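Source file: data34.cif; contents: mmCIF, C-alpha atoms.
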```cif
data_entry
#
loop_
_atom_site.label_atom_id
_atom_site.label_comp_id
_atom_site.auth_asym_id
_atom_site.auth_seq_id
_atom_site.Cartn_x
_atom_site.Cartn_y
_atom_site.Cartn_z
CA MET A 335 21.10 126.46 113.62
CA PRO A 336 23.87 128.75 112.21
CA PRO A 337 24.34 132.13 113.96
CA ASP A 338 22.51 135.14 112.51
CA ASN A 339 25.44 137.29 111.25
CA GLY A 340 24.51 138.02 107.61
CA GLY A 341 25.04 141.77 108.15
CA TYR A 342 28.80 141.25 108.47
CA MET A 343 28.82 139.27 105.22
CA ILE A 344 26.89 142.00 103.39
CA ALA A 345 29.27 144.68 104.76
CA ALA A 346 32.34 142.73 103.55
CA TYR A 347 30.86 142.14 100.08
CA VAL A 348 29.92 145.83 99.71
CA VAL A 349 33.35 147.06 100.91
CA THR A 350 35.14 144.70 98.48
CA ALA A 351 33.01 145.88 95.54
CA VAL A 352 33.55 149.55 96.46
CA ILE A 353 37.36 149.17 96.67
CA LEU A 354 37.89 146.98 93.58
CA VAL A 355 35.25 148.49 91.27
CA GLY A 356 36.20 152.00 92.46
CA TYR A 357 39.91 151.46 91.75
CA ALA A 358 39.22 149.73 88.41
CA GLY A 359 36.80 152.53 87.43
CA TRP A 360 39.41 155.18 88.28
CA LEU A 361 42.03 153.44 86.09
CA TRP A 362 39.39 152.80 83.40
CA SER A 363 38.53 156.53 83.17
CA LYS A 364 42.24 157.39 82.83
CA GLY A 365 42.52 154.70 80.13
CA ARG A 366 39.63 156.22 78.16
CA ARG A 367 41.35 159.62 78.31
CA VAL A 368 44.58 158.07 76.92
CA LEU A 369 42.67 156.33 74.10
CA ARG A 370 40.88 159.58 73.17
CA SER A 371 44.09 161.69 73.13
CA MET B 364 55.37 151.31 66.69
CA THR B 365 55.78 154.55 68.66
CA ALA B 366 55.77 154.55 72.48
CA ALA B 367 52.37 156.31 72.52
CA ALA B 368 50.84 153.72 70.16
CA ALA B 369 52.31 150.86 72.23
CA ALA B 370 50.90 152.43 75.39
CA ARG B 371 47.43 152.73 73.84
CA SER B 372 47.54 149.06 72.79
CA ILE B 373 48.53 147.97 76.34
CA VAL B 374 45.84 150.22 77.89
CA ARG B 375 43.21 148.68 75.57
CA ARG B 376 44.31 145.14 76.56
CA GLY B 377 44.27 146.08 80.26
CA MET B 378 40.78 147.58 80.00
CA PHE B 379 39.50 144.41 78.29
CA LEU B 380 41.05 142.05 80.87
CA THR B 381 39.79 144.22 83.76
CA ALA B 382 36.24 144.25 82.34
CA VAL B 383 36.27 140.44 81.94
CA ALA B 384 37.62 140.05 85.51
CA LEU B 385 34.93 142.37 86.94
CA LEU B 386 32.25 140.25 85.21
CA GLY B 387 33.99 137.24 86.79
CA LEU B 388 33.79 138.99 90.17
CA ALA B 389 30.02 139.32 89.73
CA ALA B 390 29.92 135.55 89.02
CA VAL B 391 31.98 134.91 92.18
CA TYR B 392 29.42 136.89 94.22
CA LEU B 393 26.62 134.71 92.76
CA LEU B 394 28.56 131.49 93.38
CA ALA B 395 29.47 132.43 96.95
CA LEU B 396 25.96 133.59 97.86
CA GLN B 397 23.89 130.97 95.99
CA TYR B 398 26.04 127.86 95.39
CA ALA B 399 28.38 127.59 98.38
CA PRO B 400 26.69 126.12 101.47
CA VAL B 401 26.25 128.02 104.75
CA GLU B 402 28.81 126.82 107.29
CA ALA B 403 27.03 125.38 110.34
CA ARG B 404 29.11 127.00 113.12
CA GLN B 405 30.07 130.37 111.55
CA GLY B 406 26.88 131.06 109.58
CA LEU B 407 26.79 133.56 106.68
CA ALA B 408 29.88 135.43 107.96
CA GLN B 409 32.00 132.46 106.78
CA LYS B 410 31.21 133.48 103.17
CA ILE B 411 33.60 136.44 103.65
CA PHE B 412 36.25 133.71 103.18
CA TYR B 413 35.60 133.71 99.37
CA LEU B 414 36.76 137.36 99.16
CA HIS B 415 39.25 137.57 102.03
CA VAL B 416 41.45 134.63 101.00
CA PRO B 417 41.67 135.47 97.23
CA SER B 418 42.39 139.14 98.03
CA ALA B 419 45.18 138.03 100.39
CA TRP B 420 46.50 135.69 97.68
CA SER B 421 46.48 138.50 95.06
CA ALA B 422 48.10 141.00 97.44
CA LEU B 423 50.91 138.60 98.37
CA LEU B 424 51.36 137.64 94.70
CA ALA B 425 51.57 141.35 93.78
CA PHE B 426 54.11 142.19 96.51
CA SER B 427 56.19 139.06 95.81
CA LEU B 428 56.43 140.02 92.13
CA VAL B 429 57.39 143.60 93.10
CA GLY B 430 60.31 142.16 95.12
CA ILE B 431 61.45 139.70 92.43
CA VAL B 432 61.16 142.22 89.59
CA SER B 433 62.90 144.90 91.71
CA GLY B 434 65.85 142.53 92.19
CA LEU B 435 65.95 142.00 88.44
CA TYR B 436 65.83 145.79 87.90
CA LEU B 437 68.89 146.35 90.12
CA TRP B 438 70.70 143.77 87.98
CA LEU B 439 69.47 144.63 84.46
CA HIS B 440 68.42 148.34 84.77
CA ASP B 441 65.53 147.76 82.36
CA PRO B 442 62.88 150.51 82.85
CA ARG B 443 60.11 148.03 81.94
CA LEU B 444 60.88 146.12 85.15
CA ASP B 445 60.61 149.30 87.24
CA ARG B 446 57.32 150.20 85.53
CA PHE B 447 55.94 146.71 86.23
CA ALA B 448 57.06 146.83 89.89
CA ALA B 449 55.33 150.21 90.41
CA SER B 450 52.12 148.94 88.77
CA SER B 451 52.12 145.71 90.78
CA ALA B 452 52.72 147.62 94.05
CA GLU B 453 49.76 149.94 93.48
CA VAL B 454 47.43 147.04 92.59
CA GLY B 455 48.77 145.08 95.59
CA VAL B 456 47.87 147.98 97.90
CA ALA B 457 44.28 147.88 96.54
CA PHE B 458 44.03 144.12 97.17
CA SER B 459 45.55 144.43 100.63
CA ALA B 460 42.99 147.15 101.44
CA VAL B 461 40.33 144.52 100.68
CA MET B 462 42.17 141.92 102.79
CA LEU B 463 42.61 144.32 105.73
CA THR B 464 38.96 145.41 105.74
CA THR B 465 37.24 142.05 105.12
CA GLY B 466 39.46 140.38 107.77
CA PRO B 467 38.24 142.47 110.74
CA ILE B 468 34.62 142.34 109.46
CA TRP B 469 34.90 138.52 109.54
CA ALA B 470 36.81 138.51 112.85
CA LYS B 471 34.21 140.48 114.81
CA PRO B 472 31.40 137.86 114.76
CA ILE B 473 33.79 134.86 114.96
CA TRP B 474 36.57 135.99 117.35
CA GLY B 475 34.50 138.62 119.16
CA THR B 476 36.98 141.38 118.29
CA TRP B 477 37.72 143.47 115.20
CA TRP B 478 41.50 143.24 115.57
CA THR B 479 44.19 141.48 117.59
CA TRP B 480 47.89 142.33 117.51
CA ASP B 481 49.07 138.81 116.71
CA ALA B 482 51.92 138.01 114.33
CA ARG B 483 49.89 137.34 111.14
CA LEU B 484 47.72 140.45 111.39
CA THR B 485 50.51 142.77 112.53
CA LEU B 486 52.95 141.65 109.81
CA THR B 487 50.24 142.03 107.16
CA LEU B 488 49.50 145.57 108.35
CA PHE B 489 53.26 146.36 108.25
CA LEU B 490 53.44 145.01 104.68
CA PHE B 491 50.55 147.29 103.68
CA PHE B 492 52.25 150.33 105.26
CA LEU B 493 55.56 149.39 103.64
CA PHE B 494 54.00 149.44 100.16
CA VAL B 495 52.05 152.64 100.87
CA GLY B 496 55.50 154.06 101.76
CA TYR B 497 56.87 152.58 98.52
CA LEU B 498 54.25 154.50 96.50
CA ALA B 499 54.89 157.69 98.52
CA LEU B 500 58.63 157.35 97.88
CA ARG B 501 58.02 157.00 94.14
CA ALA B 502 55.79 160.08 94.14
CA ALA B 503 58.43 162.12 96.02
CA LEU B 504 61.45 161.36 93.80
CA GLN B 505 61.72 163.20 90.48
CA ASP B 506 64.80 161.58 88.91
CA PRO B 507 63.61 158.34 87.18
CA ALA B 508 66.85 156.36 87.74
CA GLU B 509 67.06 157.38 91.41
CA ARG B 510 63.34 156.66 91.92
CA ALA B 511 63.68 153.19 90.36
CA ARG B 512 66.81 152.31 92.37
CA PHE B 513 65.51 153.45 95.79
CA SER B 514 62.07 151.92 95.35
CA ALA B 515 63.59 148.62 94.16
CA VAL B 516 65.37 148.33 97.53
CA VAL B 517 62.08 148.92 99.39
CA GLY B 518 60.33 146.38 97.10
CA ILE B 519 62.92 143.72 97.95
CA LEU B 520 62.47 144.42 101.69
CA GLY B 521 58.73 143.87 101.20
CA LEU B 522 59.38 140.50 99.56
CA LEU B 523 61.34 139.41 102.65
CA LEU B 524 58.17 139.85 104.75
CA VAL B 525 55.99 137.59 102.55
CA PRO B 526 57.28 134.15 103.70
CA PHE B 527 57.11 135.29 107.35
CA ILE B 528 53.45 136.23 106.83
CA HIS B 529 52.65 132.82 105.28
CA LEU B 530 54.51 130.90 108.00
CA SER B 531 53.49 133.16 110.92
CA VAL B 532 50.51 130.90 111.79
CA TYR B 533 52.96 128.00 112.31
CA LEU B 534 55.72 130.00 114.03
CA PHE B 535 53.66 132.02 116.55
CA ARG B 536 50.57 131.59 118.70
CA THR B 537 47.76 133.28 116.77
CA LEU B 538 43.98 133.49 116.48
CA HIS B 539 44.29 133.36 112.70
CA PRO B 540 43.47 129.90 111.25
CA GLN B 541 46.21 127.88 109.54
CA PRO B 542 46.16 127.44 105.72
CA ILE B 543 43.45 125.07 104.47
CA VAL B 544 44.46 124.96 100.80
CA LEU B 545 48.14 126.00 100.46
CA LYS B 546 49.52 123.35 102.83
CA PRO B 547 51.47 120.09 102.43
CA SER B 548 48.38 117.82 102.90
CA ALA B 549 45.15 117.85 100.81
CA PRO B 550 42.77 120.87 101.12
CA SER B 551 40.36 120.42 104.07
CA LEU B 552 37.15 121.88 102.61
CA PRO B 553 33.84 120.47 101.27
CA PRO B 554 33.92 120.31 97.42
CA GLU B 555 31.39 123.16 96.88
CA MET B 556 33.41 125.48 99.12
CA LEU B 557 36.71 124.47 97.50
CA ARG B 558 35.32 125.01 93.97
CA THR B 559 33.97 128.46 94.88
CA LEU B 560 37.28 129.41 96.47
CA LEU B 561 39.30 128.25 93.44
CA VAL B 562 37.03 130.14 91.00
CA SER B 563 37.35 133.24 93.17
CA ALA B 564 41.16 132.90 93.34
CA LEU B 565 41.25 132.57 89.53
CA VAL B 566 39.06 135.67 89.06
CA PHE B 567 41.12 137.72 91.54
CA THR B 568 44.31 136.64 89.73
CA LEU B 569 42.79 137.71 86.39
CA LEU B 570 41.77 141.03 87.96
CA TYR B 571 45.36 141.45 89.18
CA VAL B 572 46.67 140.83 85.64
CA GLY B 573 44.10 143.22 84.11
CA LEU B 574 44.73 146.03 86.59
CA VAL B 575 48.53 145.72 86.36
CA THR B 576 48.37 145.73 82.53
CA LEU B 577 46.14 148.83 82.60
CA ARG B 578 48.34 150.61 85.17
CA TYR B 579 51.49 149.71 83.18
CA GLY B 580 49.95 151.08 79.96
CA LEU B 581 48.90 154.31 81.70
CA THR B 582 52.43 154.85 83.08
CA LEU B 583 53.90 154.21 79.62
CA ALA B 584 51.43 156.68 78.07
CA GLU B 585 52.38 159.31 80.66
CA GLU B 586 56.11 158.79 79.95
CA ALA B 587 55.49 159.04 76.18
CA ARG B 588 53.56 162.32 76.68
CA GLU B 589 56.36 163.75 78.87
CA GLU B 590 59.00 162.76 76.28
CA ALA B 591 56.95 164.36 73.49
CA GLY B 592 56.63 167.51 75.63
CA ASP B 593 60.39 167.62 76.25
CA ALA B 594 61.12 167.14 72.53
CA ALA B 595 58.70 169.94 71.47
#
```
Write-out of the structure in structure tokens:
Amino acid sequence: MPPDNGGYMIAAYVVTAVILVGYAGWLWSKGRRVLRS
Amino acid sequence: MTAAAAARSIVRRGMFLTAVALLGLAAVYLLALQYAPVEARQGLAQKIFYLHVPSAWSALLAFSLVGIVSGLYLWLHDPRLDRFAASSAEVGVAFSAVMLTTGPIWAKPIWGTWWTWDARLTLTLFLFFLFVGYLALRAALQDPAERARFSAVVGILGLLLVPFIHLSVYLFRTLHPQPIVLKPSAPSLPPEMLRTLLVSALVFTLLYVGLVTLRYGLTLAEEAREEAGDAA
């Protein structure tokens, strides 16, 4: 029976999404501003 | 083509690649959670592997390219190389933030501790701080030629750390496991796990390319705007 540690997995997946999607979104919004100018 | 038009074209390409890579990241989440089996001894926490290893790969790729391109800059003095190095460093810091947060979250249930000051972990943390310093240095220097020259030296110093980080698990006693894919013998993983890892590594590499392209285009656009402002 594998250990019950799914909470750690969820935390890591959420943190990864926050960092990568957050950074990409920040660059994306700057990119949209450049394309509009 | 003017510099501003070229910058817009690069920004557009970077946005497209980044969007495709983020869709790929969603597919990686599905693969890792639904397709890859649960490891018997580590349980669900082992699935952190599919994010931790590709983020480490992308971070080390980013920092290695900063070092190589910085060396080329000191030789050729081409501003495109400096712009690429700065973009790659910033994206590398983002990937190493993922590596340095997912690592301790995985370590806690498996090693029983969030962090240990062994060679692999300590060197990786130093590399992260070195490139945060690299970005701070760039922000502090106003003269473009001086900024490019000084930061190129720091970028090359960062590159020197990369092989030590890869080999640290062989050279020192450490809790960190040895490589299971990038090693002289065949990868030691069940096929479903290996496939998921390779897809994830591919997606993270594409995300690296997309983010660096976007960052490069944004820097070029900023330079074009400053030049237009100076000319006016």
Could you please tell me, as a PDB file with C-alpha atoms, in the frame of the given file, which residues of chain B have an atom within 7 Å of chain A when using all atoms listed in the file?
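For reference, out.pdb as written:
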```pdb
ATOM      1  CA  ARG B 371      47.430 152.730  73.840  1.00  0.00           C
ATOM      2  CA  VAL B 374      45.840 150.220  77.890  1.00  0.00           C
ATOM      3  CA  MET B 378      40.780 147.580  80.000  1.00  0.00           C
ATOM      4  CA  ALA B 403      27.030 125.380 110.340  1.00  0.00           C
ATOM      5  CA  ARG B 404      29.110 127.000 113.120  1.00  0.00           C
ATOM      6  CA  GLN B 405      30.070 130.370 111.550  1.00  0.00           C
ATOM      7  CA  GLY B 406      26.880 131.060 109.580  1.00  0.00           C
ATOM      8  CA  LEU B 407      26.790 133.560 106.680  1.00  0.00           C
ATOM      9  CA  ALA B 408      29.880 135.430 107.960  1.00  0.00           C
ATOM     10  CA  LYS B 410      31.210 133.480 103.170  1.00  0.00           C
ATOM     11  CA  ILE B 411      33.600 136.440 103.650  1.00  0.00           C
ATOM     12  CA  VAL B 461      40.330 144.520 100.680  1.00  0.00           C
ATOM     13  CA  THR B 465      37.240 142.050 105.120  1.00  0.00           C
ATOM     14  CA  ILE B 468      34.620 142.340 109.460  1.00  0.00           C
ATOM     15  CA  TRP B 469      34.900 138.520 109.540  1.00  0.00           C
ATOM     16  CA  PRO B 472      31.400 137.860 114.760  1.00  0.00           C
ATOM     17  CA  LEU B 574      44.730 146.030  86.590  1.00  0.00           C
ATOM     18  CA  ARG B 578      48.340 150.610  85.170  1.00  0.00           C
ATOM     19  CA  LEU B 581      48.900 154.310  81.700  1.00  0.00           C
TER      20      LEU B 581
END
```
Selection result for the PyMOL selection byres ((chain B and resi 437) around 12) on this file, as a list in words: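 Going through the file, the PyMOL selection byres ((chain B and resi 437) around 12) ends up selecting Gly430, Ile431, Val432, Ser433, Gly434, Leu435, Tyr436, Trp438, Leu439, His440, Asp441, Pro442, Leu444, Asp445, Ala448, Ala508, Glu509, Arg510, Ala511, Arg512, Phe513, Ser514, Ala515, Val516, Val517, Gly518 and Ile519 of chain B.
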Could you dump the residues just selected with C-alpha atoms as a PDB file, in the frame of the given file?
```
ATOM      1  CA  GLY B 430      60.310 142.160  95.120  1.00  0.00           C
ATOM      2  CA  ILE B 431      61.450 139.700  92.430  1.00  0.00           C
ATOM      3  CA  VAL B 432      61.160 142.220  89.590  1.00  0.00           C
ATOM      4  CA  SER B 433      62.900 144.900  91.710  1.00  0.00           C
ATOM      5  CA  GLY B 434      65.850 142.530  92.190  1.00  0.00           C
ATOM      6  CA  LEU B 435      65.950 142.000  88.440  1.00  0.00           C
ATOM      7  CA  TYR B 436      65.830 145.790  87.900  1.00  0.00           C
ATOM      8  CA  TRP B 438      70.700 143.770  87.980  1.00  0.00           C
ATOM      9  CA  LEU B 439      69.470 144.630  84.460  1.00  0.00           C
ATOM     10  CA  HIS B 440      68.420 148.340  84.770  1.00  0.00           C
ATOM     11  CA  ASP B 441      65.530 147.760  82.360  1.00  0.00           C
ATOM     12  CA  PRO B 442      62.880 150.510  82.850  1.00  0.00           C
ATOM     13  CA  LEU B 444      60.880 146.120  85.150  1.00  0.00           C
ATOM     14  CA  ASP B 445      60.610 149.300  87.240  1.00  0.00           C
ATOM     15  CA  ALA B 448      57.060 146.830  89.890  1.00  0.00           C
ATOM     16  CA  ALA B 508      66.850 156.360  87.740  1.00  0.00           C
ATOM     17  CA  GLU B 509      67.060 157.380  91.410  1.00  0.00           C
ATOM     18  CA  ARG B 510      63.340 156.660  91.920  1.00  0.00           C
ATOM     19  CA  ALA B 511      63.680 153.190  90.360  1.00  0.00           C
ATOM     20  CA  ARG B 512      66.810 152.310  92.370  1.00  0.00           C
ATOM     21  CA  PHE B 513      65.510 153.450  95.790  1.00  0.00           C
ATOM     22  CA  SER B 514      62.070 151.920  95.350  1.00  0.00           C
ATOM     23  CA  ALA B 515      63.590 148.620  94.160  1.00  0.00           C
ATOM     24  CA  VAL B 516      65.370 148.330  97.530  1.00  0.00           C
ATOM     25  CA  VAL B 517      62.080 148.920  99.390  1.00  0.00           C
ATOM     26  CA  GLY B 518      60.330 146.380  97.100  1.00  0.00           C
ATOM     27  CA  ILE B 519      62.920 143.720  97.950  1.00  0.00           C
TER      28      ILE B 519
END
```
Quick check, in Å to one decimal: how far apart do CA of Ala384 in chain B and CA of Phe489 in chain B lie?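 Atom-to-atom, CA of Ala384 in chain B and CA of Phe489 in chain B are spaced 28.3 Å apart.
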Find the axis-aligned box for range 350-366 of chain A, covering all its listed atoms and adding 6 Å on each side, and write its centre and edge lengths in Å to one decimal as AutoDock Vina command-line options.
```
--center_x 37.8 --center_y 151.0 --center_z 88.3 --size_x 21.5 --size_y 24.7 --size_z 32.3
```
Quick one: residues within 12 Å of Gln397 in chain B, all atoms listed in the file counted, chain neighbours fewer than 4 positions away excluded, as a PyMOL selection string? chain B and resi 390-393+401+407+410+555-556+559
Radius query 12 Å about (51.4, 133.5, 121.0), atoms used: only C-alpha atoms, as a PyMOL selection string: chain B and resi 479-483+531-539
